[in-house]
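Colleague: I am attaching a structure below and will ask some questions about it afterwards.
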Amino acid sequence: MTSTGSVAASWLRPVAAGGAPPSTRSGQVIHPSRRLSELVQGRPPGVTGNQWSTAIRESFDQVVCAADTGRPLFAVAFAPPAAPGSPARRAERMTSTVCAAVGLPVLRVESPTLQGAGHSRRLVEYVIGARAYADGSGPESGYVVGFRDIVGRLPDGRSGPVNDLGALARAAVVEAYVERRLADPIVRGLHVCWTGGPAEGWSWVEVRPGRCLVERVQLFAQRLFCGVAPGRLAEDLAVLAVGERLRDRDGVEPTLVDRDELHEGIRRLAARRAELDGGFAFDHLCAD
């Protein structure tokens with residue numbers, strides 16, 4: 001687990017009441033929509049005035065706090081992808097610097113489809129549950145199945161991984177295929193973790209023969225243990241995004257990607273990864 005230690009005790013402060021009412025999960029308090037300025041007591045050494053003034057204006061979609069002290073344990077933020085060198089990317093980098101200085105772990109999700117208002121609460125509860133399970137599992141406890149691999153009864157009546165955030169989307173794709181609204185019943189995907197960077201998850205479904213709906217999610221787990229492998233979590237979030245997109249078939253049609261173009265993009269990604277560390281392996285890579 002990630003511990004904020006004495007740094008947090010020095011610079012993080014209890015979250016004050018006000019704003020949207022908090023909720024509780026596994027003995028932890030979840031506060032929605034908080035600015036970084038509400039979580040810190042002052043500018044720590046090593047942080048410039050420009051970094052500080054930019055970062056404290058940034059907001060998190062959810063902040064998880066200890067129930068006994070009220071001090072922040074970690075924060076979650078959703079954002080659309082930002083181009084390198086853009087103002088949004090610079091602000092994110094400054095915010096990350098300040099959060100590291102004050103000892104605040106952050107989980108940042110970058111997706112063109114998933115948004116904080118609709119998805120951050122579910123992700124926070126998932127991470128809290130996964131972390132609690134990991135704390136109680138291991139050889140000494142007798143639990144050998146990971147949180148993501150726990151099998152149970154899914155909402156559609158089938159058996160499968162109950163902690164797959166994309167389970168409902170996968171079931172919806174099968175149903176749409178049976179109704180002849182999709183060309184293939186399988187949601188395919190892959191994930192990769194970049195050294196010193198984010199976990200990246202891809203997911204796609206063939207809407208029409210040779211034409212795919214593709215979603216890509218980047219997951220930045222900054223000093224935070226998520227309870228599950230970040231790459232797998234990023235891929236599940238990408239599947240969730242596919243499900244969200246399929247709710248609007250009219251909006252999907254103009255953004256479909258040619259299957260050969262998709263496969264070429266995957267090959268370029270594999271080549272880039274191999275160039276960086278001499279090897280690369282995909283999970284669930286589709287093949288014709």
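Numbering starts fresh at 1 for the residues of each chain in the structure tokens, the chains themselves are lettered A, B, ... in the order given, and ligands are numbered from 1 as they appear.
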Set out as a tab-separated table a contact list for region 31-136 of chain A and region 201-221 of chain A with a cut-off of 7 Å, giving each residue of region 31-136 of chain A that qualifies its closest atom pair and distance in Å to one decimal, counting only C-alpha atoms, ordered by chain and rising residue number.
Modeller:
residue	atom	partner	partner_atom	distance
A:Val106	CA	A:Ala221	CA	6.3
A:Leu107	CA	A:Ala221	CA	4.7
A:Arg108	CA	A:Phe220	CA	5.0
A:Val109	CA	A:Leu219	CA	4.8
A:Glu110	CA	A:Gln218	CA	5.1
A:Ser111	CA	A:Val217	CA	5.0
Colleague: Report as a PyMOL selection string all protein, DNA and RNA residues lying within 10 Å of Leu123 (chain A), evaluated on only C-alpha atoms, omitting residues in the same chain fewer than 2 positions from it.
Modeller: chain A and resi 62+76+107+109+116+118-121+125-129+165+233+237
Colleague: For the residues in that selection, give me all heavy atoms as a compact mmCIF listing (two decimals), in the first residue's frame.
Modeller:
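out.txt was written with the following content:
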# COMPACT_ATOMS: atom_id res chain seq x y z
N GLN A 62 -12.98 13.17 -6.92
CA GLN A 62 -13.24 12.51 -5.64
C GLN A 62 -11.97 12.55 -4.81
O GLN A 62 -10.87 12.41 -5.33
CB GLN A 62 -13.65 11.04 -5.84
CG GLN A 62 -14.80 10.80 -6.81
CD GLN A 62 -16.16 11.16 -6.24
OE1 GLN A 62 -16.34 11.22 -5.01
NE2 GLN A 62 -17.14 11.37 -7.11
N VAL A 76 -8.88 11.22 -6.99
CA VAL A 76 -9.14 10.70 -8.33
C VAL A 76 -9.60 11.85 -9.22
O VAL A 76 -10.45 12.67 -8.82
CB VAL A 76 -10.21 9.59 -8.31
CG1 VAL A 76 -10.64 9.21 -9.72
CG2 VAL A 76 -9.69 8.38 -7.57
N LEU A 107 -4.89 9.26 -8.60
CA LEU A 107 -5.24 8.38 -9.72
C LEU A 107 -5.90 9.25 -10.77
O LEU A 107 -6.98 9.81 -10.54
CB LEU A 107 -6.18 7.27 -9.27
CG LEU A 107 -6.55 6.23 -10.34
CD1 LEU A 107 -5.32 5.49 -10.83
CD2 LEU A 107 -7.58 5.24 -9.80
N VAL A 109 -7.32 9.59 -14.69
CA VAL A 109 -7.82 8.84 -15.84
C VAL A 109 -8.00 9.81 -17.00
O VAL A 109 -8.72 10.81 -16.88
CB VAL A 109 -9.17 8.16 -15.53
CG1 VAL A 109 -9.69 7.41 -16.75
CG2 VAL A 109 -9.03 7.21 -14.35
N GLY A 116 -15.65 12.51 -15.04
CA GLY A 116 -15.70 12.45 -13.60
C GLY A 116 -17.10 12.42 -13.03
O GLY A 116 -17.39 11.70 -12.08
N GLY A 118 -19.82 11.16 -14.14
CA GLY A 118 -20.55 9.90 -14.27
C GLY A 118 -19.79 8.66 -13.86
O GLY A 118 -20.41 7.61 -13.66
N HIS A 119 -18.46 8.75 -13.72
CA HIS A 119 -17.69 7.52 -13.54
C HIS A 119 -16.72 7.55 -12.35
O HIS A 119 -16.23 6.49 -11.96
CB HIS A 119 -16.90 7.23 -14.82
CG HIS A 119 -17.76 7.08 -16.04
ND1 HIS A 119 -17.94 8.10 -16.95
CD2 HIS A 119 -18.52 6.05 -16.47
CE1 HIS A 119 -18.75 7.69 -17.91
NE2 HIS A 119 -19.11 6.47 -17.65
N SER A 120 -16.42 8.71 -11.78
CA SER A 120 -15.39 8.75 -10.74
C SER A 120 -15.82 8.06 -9.46
O SER A 120 -15.01 7.39 -8.81
CB SER A 120 -15.01 10.20 -10.45
OG SER A 120 -16.11 10.94 -9.94
N ARG A 121 -17.09 8.20 -9.07
CA ARG A 121 -17.55 7.57 -7.83
C ARG A 121 -17.41 6.05 -7.92
O ARG A 121 -16.93 5.39 -6.98
CB ARG A 121 -19.00 7.97 -7.56
CG ARG A 121 -19.68 7.23 -6.42
CD ARG A 121 -19.12 7.61 -5.05
NE ARG A 121 -19.82 6.89 -4.01
CZ ARG A 121 -20.97 7.29 -3.47
NH1 ARG A 121 -21.53 8.43 -3.89
NH2 ARG A 121 -21.54 6.60 -2.52
N GLU A 125 -14.89 3.67 -5.49
CA GLU A 125 -15.38 2.55 -4.69
C GLU A 125 -14.70 1.25 -5.10
O GLU A 125 -14.40 0.39 -4.26
CB GLU A 125 -16.90 2.43 -4.84
CG GLU A 125 -17.64 3.61 -4.20
CD GLU A 125 -19.14 3.53 -4.38
OE1 GLU A 125 -19.60 2.66 -5.18
OE2 GLU A 125 -19.86 4.32 -3.73
N TYR A 126 -14.43 1.10 -6.40
CA TYR A 126 -13.74 -0.08 -6.89
C TYR A 126 -12.33 -0.15 -6.31
O TYR A 126 -11.89 -1.21 -5.82
CB TYR A 126 -13.69 -0.02 -8.42
CG TYR A 126 -13.04 -1.22 -9.08
CD1 TYR A 126 -13.80 -2.31 -9.49
CD2 TYR A 126 -11.67 -1.25 -9.30
CE1 TYR A 126 -13.21 -3.41 -10.10
CE2 TYR A 126 -11.07 -2.34 -9.90
CZ TYR A 126 -11.84 -3.41 -10.31
OH TYR A 126 -11.24 -4.50 -10.91
N VAL A 127 -11.60 0.96 -6.36
CA VAL A 127 -10.23 0.99 -5.87
C VAL A 127 -10.19 0.75 -4.35
O VAL A 127 -9.33 0.01 -3.85
CB VAL A 127 -9.55 2.32 -6.24
CG1 VAL A 127 -8.20 2.46 -5.53
CG2 VAL A 127 -9.35 2.40 -7.75
N ILE A 128 -11.12 1.34 -3.62
CA ILE A 128 -11.17 1.10 -2.17
C ILE A 128 -11.37 -0.39 -1.90
O ILE A 128 -10.70 -0.98 -1.04
CB ILE A 128 -12.29 1.94 -1.53
CG1 ILE A 128 -11.91 3.42 -1.53
CG2 ILE A 128 -12.55 1.47 -0.09
CD1 ILE A 128 -13.01 4.33 -1.04
N GLY A 129 -12.31 -1.01 -2.63
CA GLY A 129 -12.56 -2.44 -2.44
C GLY A 129 -11.37 -3.29 -2.82
O GLY A 129 -11.03 -4.25 -2.12
N LEU A 165 -14.88 -4.08 -14.51
CA LEU A 165 -15.65 -2.86 -14.72
C LEU A 165 -16.32 -2.83 -16.09
O LEU A 165 -17.26 -2.06 -16.31
CB LEU A 165 -14.75 -1.63 -14.57
CG LEU A 165 -14.29 -1.31 -13.14
CD1 LEU A 165 -13.23 -0.21 -13.16
CD2 LEU A 165 -15.48 -0.89 -12.29
N LEU A 233 -6.63 -2.59 -15.20
CA LEU A 233 -7.66 -1.62 -14.85
C LEU A 233 -7.89 -0.65 -16.00
O LEU A 233 -9.04 -0.31 -16.32
CB LEU A 233 -7.25 -0.88 -13.59
CG LEU A 233 -8.21 0.19 -13.06
CD1 LEU A 233 -9.61 -0.39 -12.85
CD2 LEU A 233 -7.68 0.81 -11.78
N LEU A 237 -11.42 -0.13 -18.04
CA LEU A 237 -12.03 1.19 -18.21
C LEU A 237 -12.27 1.49 -19.68
O LEU A 237 -13.27 2.14 -20.04
CB LEU A 237 -11.14 2.26 -17.58
CG LEU A 237 -11.12 2.31 -16.05
CD1 LEU A 237 -10.00 3.21 -15.55
CD2 LEU A 237 -12.46 2.77 -15.50
Colleague: For Ile266 (chain A), list every protein, DNA or RNA residue within 10 Å, evaluated using only C-alpha atoms, and leave out those in the same chain fewer than 4 positions away; present the list as an mmCIF file with C-alpha atoms, in the first residue's frame.
Modeller:
data_model
loop_
_atom_site.group_PDB
_atom_site.id
_atom_site.type_symbol
_atom_site.label_atom_id
_atom_site.label_comp_id
_atom_site.auth_asym_id
_atom_site.auth_seq_id
_atom_site.Cartn_x
_atom_site.Cartn_y
_atom_site.Cartn_z
ATOM 1 C CA LEU A 190 -4.935 -4.917 -24.892
ATOM 2 C CA TRP A 202 -7.289 -0.177 -25.605
ATOM 3 C CA ASP A 260 -6.556 -2.785 -40.900
ATOM 4 C CA GLU A 261 -5.748 0.729 -39.683
ATOM 5 C CA LEU A 262 -6.367 -0.411 -36.101
ATOM 6 C CA ALA A 270 4.297 -2.975 -30.206
ATOM 7 C CA ALA A 271 7.327 -1.806 -32.174
ATOM 8 C CA ARG A 272 7.672 1.270 -30.008
ATOM 9 C CA PHE A 282 -0.140 -7.967 -25.448
ATOM 10 C CA LEU A 285 -4.641 -9.333 -28.845
#
Colleague: Using DSSP on the backbone coordinates, identify the residues of region 1-67 of chain A assigned to strand (DSSP E or B); present them as a PyMOL selection string.
Modeller: chain A and resi 12+23-25+28-35+40+59-66
Colleague: With 10 Å as the cut-off and only C-alpha atoms counted, what is the closest atom pair between each nearby residue of region 118-163 of chain A and region 171-180 of chain A? Distances in Å to one decimal, ordered by chain and number, as JSON lines.
Modeller:
{"residue": "A:Leu154", "atom": "CA", "partner": "A:Ala171", "partner_atom": "CA", "distance": 9.2}
{"residue": "A:Pro155", "atom": "CA", "partner": "A:Ala171", "partner_atom": "CA", "distance": 8.8}
{"residue": "A:Asp156", "atom": "CA", "partner": "A:Ala171", "partner_atom": "CA", "distance": 7.0}
{"residue": "A:Arg158", "atom": "CA", "partner": "A:Ala171", "partner_atom": "CA", "distance": 9.3}
Colleague: With N, CA and C atoms retained, write the just-selected residues as a PDB file, in the first residue's frame.
Modeller:
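Done, and the output landed in selection_4.pdb:
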ATOM      1  N   LEU A 154     -22.937 -12.722 -12.765  1.00  0.00           N
ATOM      2  CA  LEU A 154     -23.010 -11.407 -13.393  1.00  0.00           C
ATOM      3  C   LEU A 154     -24.459 -10.954 -13.534  1.00  0.00           C
ATOM      4  N   PRO A 155     -24.674  -9.652 -13.781  1.00  0.00           N
ATOM      5  CA  PRO A 155     -26.055  -9.149 -13.889  1.00  0.00           C
ATOM      6  C   PRO A 155     -26.894  -9.828 -14.968  1.00  0.00           C
ATOM      7  N   ASP A 156     -26.254 -10.359 -16.018  1.00  0.00           N
ATOM      8  CA  ASP A 156     -27.019 -11.021 -17.071  1.00  0.00           C
ATOM      9  C   ASP A 156     -27.254 -12.498 -16.799  1.00  0.00           C
ATOM     10  N   ARG A 158     -24.976 -14.868 -16.277  1.00  0.00           N
ATOM     11  CA  ARG A 158     -23.816 -15.717 -16.537  1.00  0.00           C
ATOM     12  C   ARG A 158     -22.851 -15.665 -15.361  1.00  0.00           C
TER      13      ARG A 158
END
Colleague: From region 38-286 of chain A, collect each residue whose DSSP state is helix (DSSP H, G or I) and return the set as a ChimeraX atom specification.
Modeller: /A:38,49-55,87-102,116-136,147-149,167-178,230-246,249-255,259-277
Colleague: So, with only C-alpha atoms as the atoms that count, which of A:Ala77, A:Val98, A:Ala274, A:Arg13 lies closest to Arg43 (chain A)?
Modeller: A:Val98
Colleague: Which of these residues is nearest to Trp11 (chain A), using only C-alpha atoms: A:Leu256, A:His31, A:Thr48, A:Val102?
Modeller: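 Nearest to Trp11 (chain A): A:Val102.
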Colleague: Do a neighbour search on Trp52 (chain A) at 10 Å with only C-alpha atoms, toss out local chain neighbours closer than 3 positions, and write the hits as a list in words.
Modeller: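 Using only C-alpha atoms, the neighbours found are Ser37, Gly42, Arg43, Pro44, Val47, Thr48, Gly49, Ala55, Ile56, Arg57, Met94, Thr95, Thr97 and Val98 of chain A.
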Colleague: Pull all heavy atoms from the residues just selected and write them as a JSON list (two decimals), in the first residue's frame.
Modeller:
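out-v3.json, written as the output of this step:
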[["chain", "number", "residue", "atom", "x", "y", "z"],
["A", 37, "SER", "N", -6.43, 23.20, -3.26],
["A", 37, "SER", "CA", -6.23, 24.21, -2.21],
["A", 37, "SER", "C", -6.95, 23.86, -0.92],
["A", 37, "SER", "O", -6.56, 24.33, 0.16],
["A", 37, "SER", "CB", -6.71, 25.58, -2.71],
["A", 37, "SER", "OG", -8.09, 25.53, -3.05],
["A", 42, "GLY", "N", -0.20, 24.64, 2.99],
["A", 42, "GLY", "CA", 0.71, 25.69, 2.58],
["A", 42, "GLY", "C", 1.64, 25.19, 1.49],
["A", 42, "GLY", "O", 1.65, 24.00, 1.17],
["A", 43, "ARG", "N", 2.41, 26.09, 0.93],
["A", 43, "ARG", "CA", 3.32, 25.70, -0.14],
["A", 43, "ARG", "C", 4.56, 25.04, 0.44],
["A", 43, "ARG", "O", 5.28, 25.65, 1.24],
["A", 43, "ARG", "CB", 3.71, 26.93, -0.96],
["A", 43, "ARG", "CG", 4.77, 26.64, -2.03],
["A", 43, "ARG", "CD", 4.75, 27.67, -3.14],
["A", 43, "ARG", "NE", 5.12, 29.00, -2.69],
["A", 43, "ARG", "CZ", 6.33, 29.55, -2.85],
["A", 43, "ARG", "NH1", 7.28, 28.87, -3.46],
["A", 43, "ARG", "NH2", 6.57, 30.77, -2.43],
["A", 44, "PRO", "N", 4.83, 23.78, 0.06],
["A", 44, "PRO", "CA", 5.98, 23.07, 0.62],
["A", 44, "PRO", "C", 7.28, 23.51, -0.04],
["A", 44, "PRO", "O", 7.27, 24.09, -1.13],
["A", 44, "PRO", "CB", 5.66, 21.60, 0.28],
["A", 44, "PRO", "CG", 4.83, 21.68, -0.95],
["A", 44, "PRO", "CD", 4.02, 22.93, -0.81],
["A", 47, "VAL", "N", 8.67, 23.75, -4.22],
["A", 47, "VAL", "CA", 7.59, 24.06, -5.17],
["A", 47, "VAL", "C", 7.66, 25.54, -5.50],
["A", 47, "VAL", "O", 7.64, 26.40, -4.59],
["A", 47, "VAL", "CB", 6.21, 23.70, -4.58],
["A", 47, "VAL", "CG1", 5.09, 24.20, -5.48],
["A", 47, "VAL", "CG2", 6.11, 22.19, -4.36],
["A", 48, "THR", "N", 7.74, 25.87, -6.77],
["A", 48, "THR", "CA", 7.84, 27.28, -7.17],
["A", 48, "THR", "C", 6.49, 27.97, -7.03],
["A", 48, "THR", "O", 5.44, 27.32, -6.96],
["A", 48, "THR", "CB", 8.31, 27.40, -8.63],
["A", 48, "THR", "OG1", 7.27, 26.91, -9.51],
["A", 48, "THR", "CG2", 9.59, 26.60, -8.86],
["A", 49, "GLY", "N", 6.54, 29.29, -7.03],
["A", 49, "GLY", "CA", 5.30, 30.05, -6.95],
["A", 49, "GLY", "C", 4.38, 29.79, -8.12],
["A", 49, "GLY", "O", 3.15, 29.71, -7.96],
["A", 55, "ALA", "N", -1.38, 24.86, -9.48],
["A", 55, "ALA", "CA", -1.88, 23.60, -8.96],
["A", 55, "ALA", "C", -3.07, 23.77, -8.01],
["A", 55, "ALA", "O", -4.02, 22.98, -8.06],
["A", 55, "ALA", "CB", -0.76, 22.84, -8.26],
["A", 56, "ILE", "N", -3.03, 24.78, -7.16],
["A", 56, "ILE", "CA", -4.08, 24.88, -6.14],
["A", 56, "ILE", "C", -5.44, 25.23, -6.75],
["A", 56, "ILE", "O", -6.47, 25.11, -6.09],
["A", 56, "ILE", "CB", -3.71, 25.91, -5.06],
["A", 56, "ILE", "CG1", -3.51, 27.30, -5.65],
["A", 56, "ILE", "CG2", -2.51, 25.45, -4.27],
["A", 56, "ILE", "CD1", -3.29, 28.39, -4.61],
["A", 57, "ARG", "N", -5.46, 25.63, -8.02],
["A", 57, "ARG", "CA", -6.74, 25.89, -8.69],
["A", 57, "ARG", "C", -7.34, 24.63, -9.30],
["A", 57, "ARG", "O", -8.51, 24.63, -9.70],
["A", 57, "ARG", "CB", -6.56, 26.95, -9.77],
["A", 57, "ARG", "CG", -6.18, 28.33, -9.25],
["A", 57, "ARG", "CD", -6.37, 29.38, -10.32],
["A", 57, "ARG", "NE", -5.48, 29.17, -11.46],
["A", 57, "ARG", "CZ", -4.28, 29.75, -11.58],
["A", 57, "ARG", "NH1", -3.84, 30.55, -10.61],
["A", 57, "ARG", "NH2", -3.52, 29.53, -12.64],
["A", 94, "MET", "N", 2.31, 20.39, -13.24],
["A", 94, "MET", "CA", 2.54, 21.19, -12.03],
["A", 94, "MET", "C", 1.75, 20.64, -10.86],
["A", 94, "MET", "O", 2.24, 20.60, -9.72],
["A", 94, "MET", "CB", 2.15, 22.64, -12.30],
["A", 94, "MET", "CG", 3.07, 23.36, -13.27],
["A", 94, "MET", "SD", 2.57, 25.08, -13.53],
["A", 94, "MET", "CE", 3.75, 25.59, -14.78],
["A", 95, "THR", "N", 0.53, 20.19, -11.13],
["A", 95, "THR", "CA", -0.29, 19.61, -10.07],
["A", 95, "THR", "C", 0.34, 18.33, -9.54],
["A", 95, "THR", "O", 0.37, 18.09, -8.32],
["A", 95, "THR", "CB", -1.71, 19.31, -10.59],
["A", 95, "THR", "OG1", -2.30, 20.52, -11.07],
["A", 95, "THR", "CG2", -2.59, 18.73, -9.50],
["A", 97, "THR", "N", 3.49, 17.66, -9.48],
["A", 97, "THR", "CA", 4.65, 18.05, -8.69],
["A", 97, "THR", "C", 4.25, 18.45, -7.28],
["A", 97, "THR", "O", 4.87, 18.04, -6.29],
["A", 97, "THR", "CB", 5.38, 19.22, -9.37],
["A", 97, "THR", "OG1", 5.88, 18.78, -10.64],
["A", 97, "THR", "CG2", 6.55, 19.71, -8.52],
["A", 98, "VAL", "N", 3.18, 19.24, -7.17],
["A", 98, "VAL", "CA", 2.72, 19.68, -5.85],
["A", 98, "VAL", "C", 2.19, 18.50, -5.05],
["A", 98, "VAL", "O", 2.48, 18.37, -3.85],
["A", 98, "VAL", "CB", 1.66, 20.79, -5.99],
["A", 98, "VAL", "CG1", 1.05, 21.11, -4.63],
["A", 98, "VAL", "CG2", 2.28, 22.03, -6.61]]
Colleague: Produce a table with one row for each residue of region 208-275 of chain A that has an atom at most 9 Å from any atom of region 145-153 of chain A, each row naming the nearest atom pair and its distance in Å at one decimal; use only C-alpha atoms; arrange rows by chain and rising residue number; format as a Markdown table.
Modeller:
| residue | atom | partner | partner_atom | distance |
| --- | --- | --- | --- | --- |
| A:Gly227 | CA | A:Phe147 | CA | 7.5 |
| A:Val228 | CA | A:Arg148 | CA | 6.7 |
| A:Ala229 | CA | A:Arg148 | CA | 8.9 |
| A:Arg232 | CA | A:Arg148 | CA | 8.6 |
| A:Leu233 | CA | A:Arg148 | CA | 8.7 |
Colleague: Can you pull out every residue within 7 Å of Val192 (chain A), counting only C-alpha atoms, but drop anything in the same chain fewer than 5 positions away, and send it as a count of residues only?
Modeller: 4
